[in-house]
Structures are given as C-alpha cells and as structure tokens.
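Colleague: Provided herewith: query01.txt, compact mmCIF, C-alpha atoms.
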```
# COMPACT_ATOMS: atom_id res chain seq x y z
CA MET A 25 15.38 27.08 93.49
CA THR A 26 12.49 25.57 91.56
CA SER A 27 9.83 27.03 89.30
CA THR A 28 6.43 25.66 90.18
CA ALA A 29 4.50 25.34 86.90
CA GLY A 30 4.40 21.86 85.42
CA ILE A 31 5.32 18.30 86.32
CA PRO A 32 8.24 17.40 88.59
CA SER A 33 10.81 15.99 86.19
CA LYS A 34 11.57 12.94 88.30
CA ASP A 35 7.87 12.03 88.40
CA ALA A 36 7.50 12.56 84.66
CA VAL A 37 10.43 10.23 84.02
CA ALA A 38 9.16 7.69 86.52
CA ALA A 39 5.86 7.49 84.67
CA VAL A 40 7.69 6.53 81.47
CA HIS A 41 9.74 4.02 83.41
CA ALA A 42 6.61 2.40 84.83
CA ALA A 43 4.88 2.23 81.46
CA ARG A 44 7.73 0.94 79.28
CA GLY A 45 7.33 -2.59 77.99
CA ALA A 46 9.95 -5.27 78.55
CA ARG A 47 10.94 -5.27 74.87
CA ASP A 48 10.97 -1.50 74.50
CA VAL A 49 14.21 0.36 73.93
CA VAL A 50 14.43 3.57 75.97
CA ILE A 51 16.96 6.27 75.15
CA THR A 52 17.50 9.01 77.71
CA THR A 53 19.68 12.09 77.55
CA MET A 54 20.41 15.25 79.56
CA SER A 55 18.16 15.82 82.62
CA PRO A 56 15.84 12.89 81.85
CA ALA A 57 18.93 10.64 81.81
CA ARG A 58 19.96 11.87 85.24
CA ASP A 59 16.53 11.07 86.65
CA TRP A 60 16.27 7.79 84.73
CA MET A 61 19.50 6.54 86.29
CA THR A 62 17.99 6.84 89.76
CA LEU A 63 15.49 4.12 88.79
CA PRO A 64 16.07 0.37 88.24
CA GLN A 65 17.95 -0.16 84.99
CA HIS A 66 16.99 -2.41 82.07
CA PRO A 67 19.31 -4.08 79.53
CA LEU A 68 17.53 -2.22 76.72
CA ASP A 69 18.17 1.21 78.23
CA VAL A 70 20.47 3.49 76.28
CA VAL A 71 21.71 6.25 78.54
CA PHE A 72 22.94 8.65 75.85
CA VAL A 73 25.69 10.15 77.98
CA PRO A 74 28.09 11.15 76.56
CA SER A 75 26.03 12.41 73.68
CA ALA A 76 26.32 14.67 70.71
CA MET A 77 23.80 17.15 72.04
CA GLY A 78 20.57 17.12 70.10
CA HIS A 79 21.07 13.76 68.49
CA ALA A 80 19.13 11.42 70.78
CA THR A 81 16.21 11.62 68.37
CA SER A 82 18.46 10.64 65.45
CA LEU A 83 19.87 7.72 67.41
CA GLY A 84 16.30 6.70 68.15
CA LEU A 85 15.37 6.89 64.49
CA GLY A 86 18.16 4.50 63.59
CA LEU A 87 17.20 2.05 66.30
CA ALA A 88 13.53 2.23 65.34
CA LEU A 89 14.35 1.48 61.70
CA ALA A 90 16.62 -1.41 62.63
CA GLN A 91 14.08 -2.88 65.05
CA PRO A 92 10.68 -2.22 63.50
CA ASP A 93 8.95 -4.74 65.77
CA ARG A 94 10.00 -2.93 68.92
CA ARG A 95 8.93 0.37 70.36
CA VAL A 96 11.72 2.90 70.79
CA ILE A 97 11.16 5.70 73.29
CA VAL A 98 13.40 8.78 73.33
CA CYS A 99 13.33 10.97 76.45
CA ASN A 100 14.79 14.27 75.26
CA GLY A 101 15.38 17.71 76.70
CA ASP A 102 13.92 20.86 75.16
CA GLY A 103 17.37 22.36 74.62
CA SER A 104 18.38 19.20 72.82
CA MET A 105 15.19 19.24 70.78
CA VAL A 106 15.69 22.78 69.48
CA MET A 107 19.24 21.83 68.54
CA ASN A 108 17.96 19.21 66.10
CA LEU A 109 14.42 20.13 65.10
CA GLY A 110 15.06 18.80 61.61
CA SER A 111 15.25 15.31 63.07
CA LEU A 112 11.47 15.45 63.55
CA VAL A 113 11.13 15.87 59.80
CA SER A 114 13.56 13.01 59.19
CA ILE A 115 11.65 10.74 61.59
CA ALA A 116 8.28 11.40 60.00
CA GLY A 117 9.76 11.18 56.52
CA ALA A 118 11.28 7.80 57.27
CA GLY A 119 7.95 6.51 58.54
CA ALA A 120 9.29 5.37 61.90
CA THR A 121 5.93 4.29 63.25
CA ASN A 122 7.48 2.56 66.27
CA LEU A 123 9.24 5.67 67.59
CA VAL A 124 8.05 7.83 70.49
CA VAL A 125 9.73 11.17 71.22
CA VAL A 126 9.07 12.63 74.67
CA VAL A 127 10.35 16.17 75.20
CA PHE A 128 10.84 17.34 78.77
CA ASP A 129 10.26 21.07 78.37
CA ASN A 130 11.54 23.07 81.33
CA GLY A 131 12.69 26.11 79.34
CA VAL A 132 16.30 25.93 80.46
CA TYR A 133 19.59 24.18 79.78
CA GLU A 134 19.44 22.60 83.22
CA VAL A 135 22.66 20.62 83.07
CA THR A 136 24.76 23.71 82.25
CA GLY A 137 23.35 25.90 84.99
CA SER A 138 19.80 26.56 83.81
CA GLN A 139 20.42 29.22 81.21
CA PRO A 140 17.27 29.95 79.15
CA VAL A 141 16.64 27.88 76.02
CA PRO A 142 16.05 30.01 72.89
CA GLY A 143 12.38 30.74 72.45
CA ARG A 144 11.51 29.73 76.00
CA GLY A 145 7.78 30.06 76.53
CA LYS A 146 7.17 30.75 72.85
CA VAL A 147 8.09 27.52 71.09
CA ASP A 148 5.08 25.33 70.32
CA PHE A 149 6.62 21.87 70.21
CA PRO A 150 3.34 20.03 69.48
CA ALA A 151 2.67 22.33 66.51
CA ILE A 152 6.18 21.70 65.20
CA ALA A 153 5.73 17.93 65.55
CA ARG A 154 2.38 18.06 63.78
CA GLY A 155 3.89 20.16 61.04
CA ALA A 156 6.74 17.70 60.66
CA GLY A 157 4.26 14.90 60.06
CA PHE A 158 4.03 13.03 63.36
CA SER A 159 0.95 10.83 63.47
CA SER A 160 0.09 11.34 67.14
CA VAL A 161 0.92 14.42 69.21
CA PHE A 162 0.21 15.03 72.89
CA GLU A 163 1.04 17.55 75.56
CA PHE A 164 0.74 17.40 79.33
CA SER A 165 1.42 19.86 82.09
CA ASP A 166 0.07 18.05 85.14
CA LEU A 167 1.30 14.84 86.63
CA ASP A 168 -2.02 13.11 87.17
CA SER A 169 -3.01 13.43 83.52
CA TRP A 170 0.41 12.23 82.35
CA LYS A 171 0.42 9.23 84.69
CA SER A 172 -3.10 8.22 83.77
CA GLN A 173 -2.53 8.48 80.02
CA VAL A 174 1.10 7.54 79.50
CA ALA A 175 0.37 3.93 78.53
CA THR A 176 -2.24 5.03 76.00
CA VAL A 177 0.10 7.67 74.62
CA LEU A 178 2.96 5.23 74.15
CA ALA A 179 0.62 2.88 72.27
CA ALA A 180 -0.75 5.54 69.91
CA PRO A 181 -0.07 5.31 66.15
CA GLY A 182 3.44 6.45 65.52
CA PRO A 183 5.56 8.29 65.20
CA VAL A 184 4.38 9.74 68.50
CA PHE A 185 5.43 13.07 69.97
CA VAL A 186 4.81 14.10 73.57
CA ALA A 187 5.58 17.51 75.06
CA LEU A 188 5.75 17.47 78.84
CA ARG A 189 5.84 20.78 80.67
CA VAL A 190 8.20 19.98 83.53
CA ILE A 191 9.43 22.06 86.42
CA ALA A 192 12.85 23.61 86.02
CA GLU A 193 15.23 22.88 88.83
CA TYR A 194 18.33 24.87 89.57
CA GLY A 195 21.71 23.92 90.96
CA ILE A 196 21.38 20.21 90.29
CA PRO A 197 24.36 18.51 88.62
CA GLY A 198 23.93 17.07 85.14
CA PRO A 199 23.97 13.35 84.41
CA ARG A 200 27.21 11.41 84.78
CA SER A 201 28.11 8.70 82.31
CA PRO A 202 27.30 5.30 83.78
CA GLY A 203 30.42 3.84 82.16
CA PRO A 204 32.45 3.70 78.97
CA ALA A 205 30.05 4.14 76.08
CA GLY A 206 31.73 1.58 73.83
CA ASP A 207 31.32 -1.15 76.44
CA ARG A 208 27.71 -0.19 77.05
CA GLY A 209 27.02 -0.26 73.33
CA ARG A 210 28.35 -3.80 73.05
CA ARG A 211 26.26 -4.93 76.02
CA PHE A 212 23.21 -3.33 74.48
CA ILE A 213 23.73 -5.18 71.20
CA ASP A 214 24.01 -8.46 73.11
CA ALA A 215 20.87 -7.68 75.11
CA LEU A 216 18.94 -6.84 71.96
CA ARG A 217 19.94 -10.12 70.34
CA SER A 218 18.82 -12.15 73.33
CA SER A 219 15.51 -10.45 74.04
CA MET B 7 30.99 14.67 36.17
CA THR B 8 30.68 11.55 38.32
CA LEU B 9 33.31 8.82 38.51
CA PHE B 10 30.73 6.12 39.09
CA THR B 11 27.18 5.46 38.00
CA GLY B 12 24.33 4.89 40.39
CA GLU B 13 24.06 1.31 39.18
CA GLN B 14 27.71 0.67 40.01
CA ILE B 15 27.38 2.10 43.49
CA ALA B 16 24.09 0.33 44.18
CA GLU B 17 25.62 -2.97 43.14
CA VAL B 18 28.62 -2.47 45.42
CA LEU B 19 26.35 -1.61 48.35
CA GLU B 20 24.30 -4.74 47.77
CA GLN B 21 27.36 -6.94 47.53
CA LEU B 22 28.60 -5.56 50.85
CA GLY B 23 25.25 -6.19 52.53
CA ILE B 24 24.56 -2.53 53.28
CA THR B 25 21.02 -2.36 54.61
CA HIS B 26 20.57 1.41 54.87
CA VAL B 27 22.21 4.44 53.27
CA ILE B 28 21.71 7.60 55.30
CA THR B 29 22.18 10.59 53.09
CA VAL B 30 22.04 14.25 52.27
CA PRO B 31 22.60 14.59 48.53
CA ASP B 32 24.96 16.69 46.50
CA SER B 33 25.08 16.89 42.74
CA THR B 34 27.25 13.75 42.51
CA VAL B 35 26.19 11.32 45.24
CA GLY B 36 22.63 12.51 44.81
CA GLN B 37 22.61 11.08 41.31
CA TRP B 38 23.00 7.61 42.79
CA GLN B 39 19.75 7.73 44.76
CA THR B 40 17.46 6.54 41.99
CA ALA B 41 19.51 3.45 41.28
CA ILE B 42 19.81 2.57 44.97
CA GLU B 43 16.08 2.91 45.49
CA THR B 44 15.14 1.17 42.27
CA ARG B 45 17.17 -1.93 43.08
CA GLY B 46 15.41 -2.00 46.42
CA ARG B 47 17.83 -3.99 48.55
CA THR B 48 19.34 -1.00 50.31
CA ARG B 49 16.99 1.44 51.95
CA LEU B 50 17.68 5.12 51.50
CA ILE B 51 17.13 7.25 54.61
CA ARG B 52 16.97 10.98 53.93
CA VAL B 53 17.97 13.26 56.78
CA CYS B 54 17.90 17.04 57.06
CA ARG B 55 21.54 17.62 57.98
CA GLU B 56 24.62 15.50 57.90
CA GLY B 57 25.18 15.40 61.66
CA GLU B 58 21.95 13.45 61.92
CA ALA B 59 23.23 10.87 59.49
CA TRP B 60 25.97 9.61 61.80
CA GLU B 61 23.64 9.19 64.75
CA VAL B 62 20.96 7.49 62.65
CA ALA B 63 23.70 5.15 61.46
CA ALA B 64 24.73 4.60 65.07
CA GLY B 65 21.20 3.58 65.99
CA LEU B 66 20.99 1.27 63.00
CA HIS B 67 24.30 -0.34 63.94
CA LEU B 68 23.27 -0.83 67.56
CA GLY B 69 20.03 -2.29 66.28
CA GLY B 70 21.77 -4.91 64.17
CA ALA B 71 21.61 -3.30 60.72
CA THR B 72 24.52 -2.46 58.39
CA PRO B 73 24.36 1.26 57.62
CA LEU B 74 26.50 3.52 55.47
CA VAL B 75 26.60 7.33 55.49
CA MET B 76 26.67 9.06 52.09
CA ILE B 77 27.27 12.82 52.12
CA GLN B 78 29.37 15.60 50.61
CA CYS B 79 32.54 16.90 52.28
CA THR B 80 30.71 20.08 53.27
CA GLY B 81 28.45 17.81 55.31
CA LEU B 82 31.51 16.23 56.85
CA PHE B 83 32.44 19.66 58.14
CA GLU B 84 28.94 20.01 59.61
CA SER B 85 29.14 16.60 61.27
CA GLY B 86 31.90 17.16 63.81
CA ASP B 87 30.26 16.54 67.17
CA ALA B 88 28.21 13.62 65.89
CA LEU B 89 31.34 12.08 64.38
CA ARG B 90 33.19 12.47 67.64
CA ASN B 91 30.36 10.90 69.56
CA VAL B 92 29.61 7.97 67.25
CA LEU B 93 33.12 6.99 66.18
CA HIS B 94 35.09 7.83 69.29
CA ASP B 95 32.75 7.85 72.33
CA TRP B 96 30.60 4.90 71.29
CA LYS B 97 33.34 3.39 69.11
CA LEU B 98 30.96 2.36 66.35
CA PRO B 99 32.63 1.44 63.04
CA VAL B 100 30.35 3.45 60.77
CA PHE B 101 31.53 3.56 57.15
CA SER B 102 30.91 6.44 54.78
CA ILE B 103 31.17 7.56 51.19
CA ILE B 104 31.99 11.26 50.99
CA GLY B 105 31.92 13.41 47.89
CA TYR B 106 35.05 15.56 47.52
CA ARG B 107 33.75 18.80 46.01
CA SER B 108 35.82 20.54 43.32
CA TYR B 109 38.62 17.97 43.37
CA LEU B 110 38.47 17.27 39.64
CA ASN B 111 37.88 20.88 38.59
CA GLN B 112 36.98 24.20 40.10
CA SER B 113 34.94 25.61 37.25
CA THR B 114 31.91 26.15 39.45
CA LEU B 115 33.72 27.28 42.57
CA PRO B 116 37.21 28.63 41.81
CA GLY B 117 39.38 28.49 44.91
CA ASP B 118 36.97 26.13 46.68
CA THR B 119 38.24 25.72 50.23
CA CYS B 120 36.90 22.17 50.33
CA LEU B 121 40.25 21.32 48.78
CA VAL B 122 42.01 22.86 51.76
CA PHE B 123 40.05 21.29 54.57
CA THR B 124 38.56 17.94 53.57
CA GLU B 125 41.53 15.63 54.04
CA PRO B 126 42.90 17.37 57.14
CA VAL B 127 39.46 17.11 58.73
CA LEU B 128 39.28 13.38 57.99
CA ASP B 129 42.73 13.01 59.52
CA ALA B 130 41.71 15.06 62.54
CA TRP B 131 38.77 12.76 63.20
CA LYS B 132 41.07 9.75 62.74
CA ILE B 133 39.04 8.35 59.88
CA ASP B 134 40.82 5.81 57.69
CA TYR B 135 39.96 7.00 54.19
CA ARG B 136 40.83 6.22 50.59
CA LEU B 137 40.67 8.89 47.90
CA LEU B 138 39.27 7.73 44.57
CA THR B 139 40.03 9.95 41.58
CA ASP B 140 39.53 7.56 38.67
CA ALA B 141 36.66 5.35 37.55
CA ALA B 142 39.02 2.39 37.43
CA GLN B 143 39.21 2.50 41.23
CA LEU B 144 35.65 1.29 41.77
CA GLY B 145 36.86 -1.95 43.33
CA GLU B 146 38.62 -0.03 46.08
CA ILE B 147 35.27 0.80 47.67
CA ALA B 148 34.58 -2.81 48.59
CA ALA B 149 38.20 -3.53 49.41
CA HIS B 150 38.48 -0.67 51.87
CA TYR B 151 35.06 -1.37 53.39
CA LEU B 152 35.95 -4.99 54.00
CA ALA B 153 39.34 -4.10 55.46
CA CYS B 154 37.71 -1.66 57.88
CA ARG B 155 35.01 -4.15 58.80
CA GLU B 156 37.61 -6.80 59.48
CA ALA B 157 39.51 -4.39 61.71
CA GLY B 158 36.33 -3.16 63.41
CA ARG B 159 37.09 0.47 62.63
CA ALA B 160 35.32 3.31 60.89
CA GLY B 161 36.39 4.18 57.38
CA ALA B 162 35.52 6.36 54.45
CA ILE B 163 35.76 6.51 50.71
CA LEU B 164 36.42 9.99 49.40
CA VAL B 165 35.06 10.29 45.87
CA ALA B 166 36.52 13.07 43.75
CA GLU B 167 33.87 15.35 42.27
CA GLY B 168 33.99 17.96 39.60
CA LYS B 169 31.36 20.47 40.63
CA ALA B 170 29.26 21.67 43.51
```
As structure tokens - that is how I would like this structure written.
Modeller:
Amino acid sequence: MTSTAGIPSKDAVAAVHAARGARDVVITTMSPARDWMTLPQHPLDVVFVPSAMGHATSLGLGLALAQPDRRVIVCNGDGSMVMNLGSLVSIAGAGATNLVVVVFDNGVYEVTGSQPVPGRGKVDFPAIARGAGFSSVFEFSDLDSWKSQVATVLAAPGPVFVALRVIAEYGIPGPRSPGPAGDRGRRFIDALRSS
Amino acid sequence: MTLFTGEQIAEVLEQLGITHVITVPDSTVGQWQTAIETRGRTRLIRVCREGEAWEVAAGLHLGGATPLVMIQCTGLFESGDALRNVLHDWKLPVFSIIGYRSYLNQSTLPGDTCLVFTEPVLDAWKIDYRLLTDAAQLGEIAAHYLACREAGRAGAILVAEGKA
C-alpha cells in the first residue's frame, strides 16, 4: 500500500545521490539509508545503520565541524528528526555552515511497520529549522522541482535544511546494516584521509 | 565546591591535544567553560542534551578531530542509546569527563540517587573510569586518558561534586 501525495522516496534519494560532490560526506539513516544502498556506493558514504535513532544529525554536526572544507549531507527520517529536534539548535548554534540536513517526511515510522509519527501532518519542519537558526530552508513536495533545484539547494549558505514530502510506503523492510560498523568506520577514516 | 579550576582543566585538555569539548553544563563542569574558551585552543561545542554529545563526538572522531565529552552524571543516564551506538556499535574510543553529583555532600539533594546509579551505569556500559575525589588527583586525568588512548578504548573521568 502506498499513499500518493509527495515524492517517491527512492527518487528523492536518487536526486541527492546524483547531486552530491565527490568530496561530500553523505550520512543516511532509516528509510533513506535503505534506498541509498540500492545505488552505487561512495567511500565517503556513512550508512548510519545501526544507529542511535535520531542522532544522524548530531553525527553530521561532528563531521561538519571536523571537516569544515567539506559539505556534509544528512538524509534523515521525520521520525528520527522529531526524536532529536534539539540537534537543529545545536547545529545552528555551532555555526556548521557546511552541513545540509534533508528530512524525508512521510509521516510514519516506515521501518517499524509504518506507525504514525507524532504530530503527523501538523509539524512544520521548515518553521522549526528557521526558528532554530538555519540560514537556508527549503521544502519540496514534487519530484520535478526537487530534481531541478537540488544542486542549488545543496550549495545554499549553510546550515541548510530541506523538508521533502515523500510518499509513505507500507510493508517494506527497513535497512539492513551493510557490515560491522566498526570496520566501516575505520574504512571511512582512511577514505577521508586520502580524498 | 569544585575539585579543579577551569584553568587547570583547560590546561590538561590542551596538553592532551583535545580539539573539541562537547558539553551540557552543570554547576561544576560548567564553571570550566570560560577558561576553556578563553584559552582558545579547545573549541567548546554546546549541545541541547547529553545524548547528542556522544554522536557529535563520534562525528568529530571520524572526521579526524580529538573530541571529549563533558557532562554531569544525570546526562550519562540520558545518554544510553547514543553511548551504546558510539562506543559499542561503531567502537569509537570517545573519552569523557563526568561530574558525579552529590558525591562530596548531599546538602542540596539529600538522598540523591545519583550516588546509587552512576558507577553501576558506567560499569554496565563497560566504560573504564577513574573516580577523582581529591584535588591532588588532577594528574590522573591525563594518565587515564593516555592509557585509554594507547589501548584504543573509551574511558571516563568521574569528578566528585558537592552540589547539583
């Protein structure tokens, strides 16, 4: 079963994948991670599975601060975002101008069986991001607009926040870890040093 | 009361090459912020809750920096899933300084349950910690940090506090 309003999640993720620069770090978690792993992988991908739910944005903040000359893109779920809304305040407060947070808002905890997220249909993520102090805030609900503007959005003055209204899908398994996290972390550090 | 001054802590952090301190303050560790920021070699990163601090530190570590988490034990209790993820899933050797509320006296919070849970929680998360209860133990911060770094494991310094 699929709800029809919004952008197909796989297409929304694919647009980020196509627009990311070779030196960009991309962190994905929850449903965006599942879709990201169907695409060609990059040494500077961080598939945040297993995660501490909600903390992809915090991980991204740390990476952005450590690597101020790189862009760090976090592809987050809406359930994860509401679990750690304060991280938006921390990001803006820290002045992480090279960080982009993309929230895939489908209104449900898709990976656990699509139970509703608190405040579904009522939460105004762009308003929250603006209130937290993000420099650039965008929202998209149709694929053509997102695909045509994604490169511009990623290059906007940061920190950047993007809310994507994506279509909820039901009955699809959540993301599987692509391998032991400790080993992947070490490979990521090596890749960062050599790129 | 605080066992150590901000200047002492800031100097230790500099000597250890700590690049970022990720923190939520309490009335003890919070007093160190001014000295850390004034000296300017260690950047202070303020987060909204302690769980964030571990993941920010994880990102900093993956990115090549040398972070340290500085929180109160109540924040340790709040940090559980992030601790599990950073220290045990991703196996990142993040070091921390944790204020131990009410250890030196309970005048503010008689019967403070921080005294019941803090050390068992550190043990449960398999964190190698040292408890400092006297100002003469300042040197143990660097010694324990360096031992943990050499072993590639996470560690913590538990600093006894006297009030909330």
Colleague: Residues of chain A within 9 Å of chain B, counting only C-alpha atoms, what are they? List them as a VMD selection string.
Modeller: chain A and resid 74 to 77 79 to 91 108 110 to 111 113 to 115 117 to 118 204 to 210 212 to 213 216 to 217
Colleague: Kindly give the distance, in Å, that separates CA of Val124 in chain A and CA of Gly78 in chain A, rounded to a single decimal.
Modeller: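 Separating CA of Val124 in chain A from CA of Gly78 in chain A is a distance of 15.6 Å.
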Colleague: Here is a test: counting only C-alpha atoms, which residue of B:Ser102, B:Leu144, B:Leu74, B:Tyr135 is nearest to Gly12 in chain B?
Modeller: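 Among the listed residues, the smallest separation from Gly12 in chain B belongs to B:Leu144.
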Colleague: Have a look at CA of Leu68 in chain A and CA of Val49 in chain A and let me know their distance in Å, one decimal.
Modeller: 5.0 Å
Colleague: Let me know the centre plus edge lengths, in Å and rounded to one decimal, of a box with edges along x, y and z that contains all listed atoms of range 41-50 of chain B and is padded by 6 Å on every side, as JSON.
Modeller:
```
{"center_x": 17.5, "center_y": 0.6, "center_z": 46.6, "size_x": 16.7, "size_y": 21.1, "size_z": 22.7}
```
Colleague: How would you write as a list in words the residues that get within 7 Å of (26.3, 7.9, 38.9) in the file's frame, counting only C-alpha atoms?
Modeller: Thr8, Phe10, Thr11, Gly12, Glu13, Thr34, Gln37 and Trp38 of chain B
Colleague: Just give me the gap between CA of Arg154 in chain A and CA of Gly119 in chain A in Å, one decimal is fine.
Modeller: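 Going from CA of Arg154 in chain A over to CA of Gly119 in chain A covers 13.9 Å.
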Colleague: Please determine the residues with any atom at most 12 Å from (-3.0, 7.5, 80.2) (coordinates as given in the file, with all atoms listed in the file counting) and report them as a list in words.
Modeller: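 With a cut-off of 12 Å, the residues come to Ala39, Val40, Ala42, Ala43, Phe162, Glu163, Phe164, Leu167, Asp168, Ser169, Trp170, Lys171, Ser172, Gln173, Val174, Ala175, Thr176, Val177, Leu178, Ala179 and Ala180 of chain A.
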Colleague: Hey, what's within 9 Å of Arg47 in chain B if we count only C-alpha atoms and toss same-chain stuff fewer than 4 positions away? As a list of chain:residue names, please?
Modeller: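 In the requested form, the answer reads B:Ala16, B:Leu19, B:Glu20, B:Gly23, B:Ile24, B:Thr25, B:His26, B:Ile42, B:Glu43.
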Colleague: Determine, counting all atoms listed in the file, which protein, DNA and RNA residues have an atom within 8 Å of an atom of range 119-132 of chain B; residues of the same chain fewer than 5 positions away are not included. Present the result as a list in words.
Modeller: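 Once the adjacent positions are removed, what remains is Cys79, Thr80, Leu82, Phe83, Leu89, Arg90, Tyr106, Arg107, Ser108 and Tyr109 of chain B.
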Colleague: Per residue of range 174-212 of chain A within 10 Å of range 130-149 of chain A, what are the shortest atom pair and its distance in Å to one decimal, counting all atoms listed in the file, with rows by chain and residue number, as CSV?
Modeller:
```
residue,atom,partner,partner_atom,distance
A:Phe185,CA,A:Phe149,CA,8.9
A:Val186,CA,A:Phe149,CA,8.7
A:Ala187,CA,A:Phe149,CA,6.6
A:Leu188,CA,A:Asn130,CA,8.4
A:Arg189,CA,A:Asn130,CA,6.2
A:Val190,CA,A:Asn130,CA,5.1
A:Ile191,CA,A:Asn130,CA,5.6
A:Ala192,CA,A:Asn130,CA,4.9
A:Glu193,CA,A:Glu134,CA,7.0
A:Tyr194,CA,A:Ser138,CA,6.2
A:Gly195,CA,A:Gly137,CA,6.5
A:Ile196,CA,A:Val135,CA,7.3
A:Pro197,CA,A:Val135,CA,6.2
A:Gly198,CA,A:Val135,CA,4.3
A:Pro199,CA,A:Val135,CA,7.5
```
